[in-house]
Amino acid sequence: MALQTITTADYTLYPSPRNTHRVVFEFQTFVPQPYALIDLPSFELAGRCSLFSAHRRADGKMGQLVTFELEADQQRFERLFVPD
């Protein structure tokens, strides 16, 4: 089954097949490392979140977009995430 591409004003997104929620939430963090392993459950976030492979339209940069339902979860992710 092919995954559906999501196009926003800022990104072309490709949902991770491991997403529980395939929603682009309000709070977003772009990770410029397209091959970094991001294990969202290990961050023990309080709200819902989703992960996408992303093409940033402004500069053509490839990476990953992590979106969060809660701003506190975004802050926690940005504080704890270390690219491998």
# chains A, B, ... in the order shown; residues from 1 in each chain; ligands from 1

$ residues_around --residues "Ser50 of chain A" --least-positions-apart "3" --cutoff "8 Å" --atoms "only C-alpha atoms" --output "mmCIF file with N, CA and C atoms, in the first residue's frame"
data_model
loop_
_atom_site.group_PDB
_atom_site.id
_atom_site.type_symbol
_atom_site.label_atom_id
_atom_site.label_comp_id
_atom_site.auth_asym_id
_atom_site.auth_seq_id
_atom_site.Cartn_x
_atom_site.Cartn_y
_atom_site.Cartn_z
ATOM 1 N N SER A 16 5.293 8.494 8.076
ATOM 2 C CA SER A 16 5.970 7.285 8.514
ATOM 3 C C SER A 16 4.932 6.178 8.655
ATOM 4 N N ASN A 19 3.498 5.679 12.209
ATOM 5 C CA ASN A 19 2.645 6.679 12.858
ATOM 6 C C ASN A 19 1.344 6.059 13.347
ATOM 7 N N THR A 20 0.992 6.372 14.577
ATOM 8 C CA THR A 20 -0.331 6.029 15.083
ATOM 9 C C THR A 20 -1.334 7.065 14.577
ATOM 10 N N HIS A 21 -0.866 8.315 14.492
ATOM 11 C CA HIS A 21 -1.699 9.434 14.034
ATOM 12 C C HIS A 21 -1.060 10.021 12.788
ATOM 13 N N ARG A 22 -1.790 10.062 11.705
ATOM 14 C CA ARG A 22 -1.271 10.659 10.467
ATOM 15 C C ARG A 22 -1.855 12.045 10.294
ATOM 16 N N VAL A 23 -1.616 12.851 11.321
ATOM 17 C CA VAL A 23 -2.130 14.216 11.375
ATOM 18 C C VAL A 23 -0.940 15.152 11.470
ATOM 19 N N VAL A 24 -1.003 16.291 10.783
ATOM 20 C CA VAL A 24 0.016 17.320 10.932
ATOM 21 C C VAL A 24 -0.476 18.238 12.045
ATOM 22 N N PHE A 25 0.131 18.094 13.225
ATOM 23 C CA PHE A 25 -0.291 18.875 14.386
ATOM 24 C C PHE A 25 0.307 20.283 14.341
ATOM 25 N N VAL A 66 8.657 16.471 12.760
ATOM 26 C CA VAL A 66 7.952 15.881 13.892
ATOM 27 C C VAL A 66 6.901 16.893 14.299
ATOM 28 N N THR A 67 5.649 16.457 14.399
ATOM 29 C CA THR A 67 4.576 17.378 14.781
ATOM 30 C C THR A 67 3.955 16.909 16.096
ATOM 31 N N PHE A 68 3.532 17.882 16.893
ATOM 32 C CA PHE A 68 3.058 17.615 18.249
ATOM 33 C C PHE A 68 1.724 18.297 18.491
#

$ residues_around --residues "Gly63 of chain A" --least-positions-apart "4" --cutoff "7 Å" --atoms "only C-alpha atoms" --output "list of chain:residue names"
A:Phe30, A:Val31, A:Pro32, A:Gln33, A:Pro34, A:Ser53, A:Ala54, A:His55

$ select_by_dssp --residues "chain A" --states "strand (DSSP E or B)" --output "tab-separated table (two decimals) with N, CA, C and O atoms, in the first residue's frame"
chain	number	residue	atom	x	y	z
A	6	ILE	N	1.44	14.38	1.68
A	6	ILE	CA	0.70	15.53	2.20
A	6	ILE	C	1.48	16.78	1.81
A	6	ILE	O	2.68	16.86	2.06
A	7	THR	N	0.82	17.73	1.19
A	7	THR	CA	1.47	18.97	0.79
A	7	THR	C	0.91	20.12	1.61
A	7	THR	O	-0.31	20.31	1.69
A	11	TYR	N	5.93	22.42	3.37
A	11	TYR	CA	6.55	21.10	3.21
A	11	TYR	C	5.78	20.20	2.26
A	11	TYR	O	4.56	20.32	2.13
A	12	THR	N	6.50	19.24	1.68
A	12	THR	CA	5.90	18.05	1.10
A	12	THR	C	6.25	16.94	2.08
A	12	THR	O	7.43	16.73	2.40
A	13	LEU	N	5.24	16.25	2.59
A	13	LEU	CA	5.42	15.29	3.68
A	13	LEU	C	5.07	13.87	3.23
A	13	LEU	O	4.13	13.66	2.47
A	14	TYR	N	5.84	12.93	3.77
A	14	TYR	CA	5.63	11.52	3.51
A	14	TYR	C	5.46	10.84	4.87
A	14	TYR	O	6.43	10.73	5.62
A	15	PRO	N	4.26	10.41	5.24
A	15	PRO	CA	4.02	9.86	6.57
A	15	PRO	C	4.83	8.60	6.85
A	15	PRO	O	5.03	7.77	5.97
A	27	PHE	N	2.21	22.14	16.46
A	27	PHE	CA	3.58	22.41	16.89
A	27	PHE	C	4.52	21.48	16.13
A	27	PHE	O	4.32	20.26	16.12
A	28	GLN	N	5.53	22.08	15.47
A	28	GLN	CA	6.34	21.32	14.54
A	28	GLN	C	7.83	21.60	14.74
A	28	GLN	O	8.22	22.73	15.02
A	29	THR	N	8.63	20.56	14.55
A	29	THR	CA	10.08	20.69	14.59
A	29	THR	C	10.66	20.00	13.36
A	29	THR	O	10.37	18.82	13.12
A	30	PHE	N	11.43	20.74	12.58
A	30	PHE	CA	12.10	20.18	11.41
A	30	PHE	C	13.48	19.68	11.84
A	30	PHE	O	14.26	20.42	12.45
A	31	VAL	N	13.76	18.43	11.54
A	31	VAL	CA	15.06	17.82	11.85
A	31	VAL	C	15.79	17.69	10.51
A	31	VAL	O	15.34	16.93	9.64
A	49	CYS	N	1.47	12.72	18.61
A	49	CYS	CA	2.54	13.25	17.75
A	49	CYS	C	2.58	12.43	16.48
A	49	CYS	O	1.98	11.36	16.39
A	50	SER	N	3.29	12.94	15.48
A	50	SER	CA	3.46	12.21	14.23
A	50	SER	C	4.81	12.56	13.61
A	50	SER	O	5.38	13.62	13.89
A	51	LEU	N	5.31	11.66	12.78
A	51	LEU	CA	6.61	11.81	12.16
A	51	LEU	C	6.47	11.67	10.64
A	51	LEU	O	5.75	10.79	10.16
A	52	PHE	N	7.14	12.55	9.93
A	52	PHE	CA	7.09	12.55	8.47
A	52	PHE	C	8.49	12.72	7.90
A	52	PHE	O	9.29	13.48	8.45
A	53	SER	N	8.77	12.07	6.78
A	53	SER	CA	9.90	12.47	5.96
A	53	SER	C	9.45	13.76	5.31
A	53	SER	O	8.27	13.89	4.93
A	54	ALA	N	10.36	14.72	5.18
A	54	ALA	CA	9.91	16.03	4.72
A	54	ALA	C	10.86	16.64	3.70
A	54	ALA	O	12.08	16.49	3.78
A	55	HIS	N	10.28	17.34	2.76
A	55	HIS	CA	11.00	18.18	1.81
A	55	HIS	C	10.57	19.60	2.11
A	55	HIS	O	9.40	19.95	1.92
A	56	ARG	N	11.51	20.41	2.62
A	56	ARG	CA	11.19	21.80	2.96
A	56	ARG	C	11.21	22.61	1.68
A	56	ARG	O	12.23	22.71	1.00
A	62	MET	N	16.00	18.31	2.55
A	62	MET	CA	15.31	17.09	2.97
A	62	MET	C	15.59	16.86	4.45
A	62	MET	O	16.66	17.22	4.95
A	63	GLY	N	14.63	16.29	5.14
A	63	GLY	CA	14.79	16.00	6.56
A	63	GLY	C	13.57	15.27	7.07
A	63	GLY	O	12.91	14.53	6.32
A	64	GLN	N	13.26	15.51	8.33
A	64	GLN	CA	12.09	14.91	8.95
A	64	GLN	C	11.34	16.00	9.70
A	64	GLN	O	11.94	16.91	10.26
A	65	LEU	N	10.03	15.87	9.71
A	65	LEU	CA	9.19	16.81	10.44
A	65	LEU	C	8.46	16.03	11.52
A	65	LEU	O	7.78	15.05	11.24
A	66	VAL	N	8.66	16.47	12.76
A	66	VAL	CA	7.95	15.88	13.89
A	66	VAL	C	6.90	16.89	14.30
A	66	VAL	O	7.20	18.08	14.49
A	67	THR	N	5.65	16.46	14.40
A	67	THR	CA	4.58	17.38	14.78
A	67	THR	C	3.96	16.91	16.10
A	67	THR	O	3.89	15.71	16.37
A	68	PHE	N	3.53	17.88	16.89
A	68	PHE	CA	3.06	17.61	18.25
A	68	PHE	C	1.72	18.30	18.49
A	68	PHE	O	1.51	19.42	18.05

$ residues_around --residues "Ala46 of chain A" --least-positions-apart "2" --cutoff "12 Å" --atoms "only C-alpha atoms" --output "CSV table (one decimal) with N, CA, C and O atoms, in the first residue's frame"
chain,number,residue,atom,x,y,z
A,40,LEU,N,9.9,8.0,18.6
A,40,LEU,CA,9.0,8.9,19.4
A,40,LEU,C,8.5,8.4,20.7
A,40,LEU,O,8.5,9.1,21.7
A,41,PRO,N,8.2,7.1,20.8
A,41,PRO,CA,7.7,6.5,22.1
A,41,PRO,C,8.8,6.7,23.2
A,41,PRO,O,8.4,6.8,24.4
A,42,SER,N,10.1,6.7,22.8
A,42,SER,CA,11.1,6.8,23.9
A,42,SER,C,11.2,8.2,24.5
A,42,SER,O,11.8,8.3,25.6
A,43,PHE,N,10.5,9.1,23.9
A,43,PHE,CA,10.5,10.5,24.5
A,43,PHE,C,9.4,10.6,25.6
A,43,PHE,O,9.3,11.7,26.3
A,44,GLU,N,8.5,9.6,25.7
A,44,GLU,CA,7.5,9.6,26.7
A,44,GLU,C,6.7,10.9,26.7
A,44,GLU,O,6.5,11.7,27.7
A,48,ARG,N,-0.5,13.5,21.5
A,48,ARG,CA,-0.3,12.8,20.3
A,48,ARG,C,0.8,13.5,19.5
A,48,ARG,O,1.1,14.7,19.6
A,49,CYS,N,1.5,12.7,18.6
A,49,CYS,CA,2.5,13.3,17.8
A,49,CYS,C,2.6,12.4,16.5
A,49,CYS,O,2.0,11.4,16.4
A,68,PHE,N,3.5,17.9,16.9
A,68,PHE,CA,3.1,17.6,18.2
A,68,PHE,C,1.7,18.3,18.5
A,68,PHE,O,1.5,19.4,18.1
A,69,GLU,N,0.9,17.6,19.3
A,69,GLU,CA,-0.4,18.2,19.7
A,69,GLU,C,-0.1,19.2,20.8
A,69,GLU,O,-0.8,20.2,20.8
A,70,LEU,N,0.9,19.0,21.6
A,70,LEU,CA,1.1,19.9,22.8
A,70,LEU,C,2.5,20.6,22.6
A,70,LEU,O,3.5,20.0,22.3
A,71,GLU,N,2.5,21.9,22.9
A,71,GLU,CA,3.7,22.6,22.9
A,71,GLU,C,4.8,22.1,23.9
A,71,GLU,O,6.0,22.1,23.5
A,72,ALA,N,4.4,21.6,25.0
A,72,ALA,CA,5.3,21.1,26.0
A,72,ALA,C,6.0,19.8,25.4
A,72,ALA,O,7.2,19.6,25.7
A,73,ASP,N,5.3,19.0,24.6
A,73,ASP,CA,6.0,17.9,24.0
A,73,ASP,C,7.0,18.3,23.0
A,73,ASP,O,8.1,17.7,22.9
A,74,GLN,N,6.7,19.4,22.2
A,74,GLN,CA,7.7,19.9,21.3
A,74,GLN,C,8.9,20.4,22.0
A,74,GLN,O,10.1,20.1,21.6
A,75,GLN,N,8.8,21.1,23.1
A,75,GLN,CA,9.9,21.6,23.9
A,75,GLN,C,10.7,20.4,24.5
A,75,GLN,O,11.9,20.4,24.5
A,76,ARG,N,10.0,19.4,24.9
A,76,ARG,CA,10.7,18.2,25.5
A,76,ARG,C,11.5,17.5,24.4
A,76,ARG,O,12.7,17.1,24.6
A,77,PHE,N,10.9,17.3,23.2
A,77,PHE,CA,11.6,16.7,22.1
A,77,PHE,C,12.9,17.5,21.7
A,77,PHE,O,14.0,16.9,21.6

$ select_by_dssp --residues "chain A" --states "alpha helix (DSSP H)" --output "ChimeraX atom specification"
/A:71-80

$ write_last_selection --atoms "C-alpha atoms" --output "PDB file, in the first residue's frame"
ATOM      1  CA  GLU A  71       3.741  22.631  22.871  1.00  0.00           C
ATOM      2  CA  ALA A  72       5.287  21.066  25.995  1.00  0.00           C
ATOM      3  CA  ASP A  73       5.963  17.891  24.002  1.00  0.00           C
ATOM      4  CA  GLN A  74       7.692  19.902  21.279  1.00  0.00           C
ATOM      5  CA  GLN A  75       9.902  21.557  23.887  1.00  0.00           C
ATOM      6  CA  ARG A  76      10.688  18.177  25.475  1.00  0.00           C
ATOM      7  CA  PHE A  77      11.622  16.678  22.093  1.00  0.00           C
ATOM      8  CA  GLU A  78      13.849  19.632  21.171  1.00  0.00           C
ATOM      9  CA  ARG A  79      15.581  19.409  24.565  1.00  0.00           C
ATOM     10  CA  LEU A  80      16.167  15.640  24.462  1.00  0.00           C
TER      11      LEU A  80
END

$ atom_distance --atom1 "atom CA of Asp39 of chain A" --atom2 "atom CA of Phe81 of chain A"
9.8 Å

$ atom_distance --atom1 "atom CA of Gly60 of chain A" --atom2 "atom CA of Ala9 of chain A"
13.1 Å
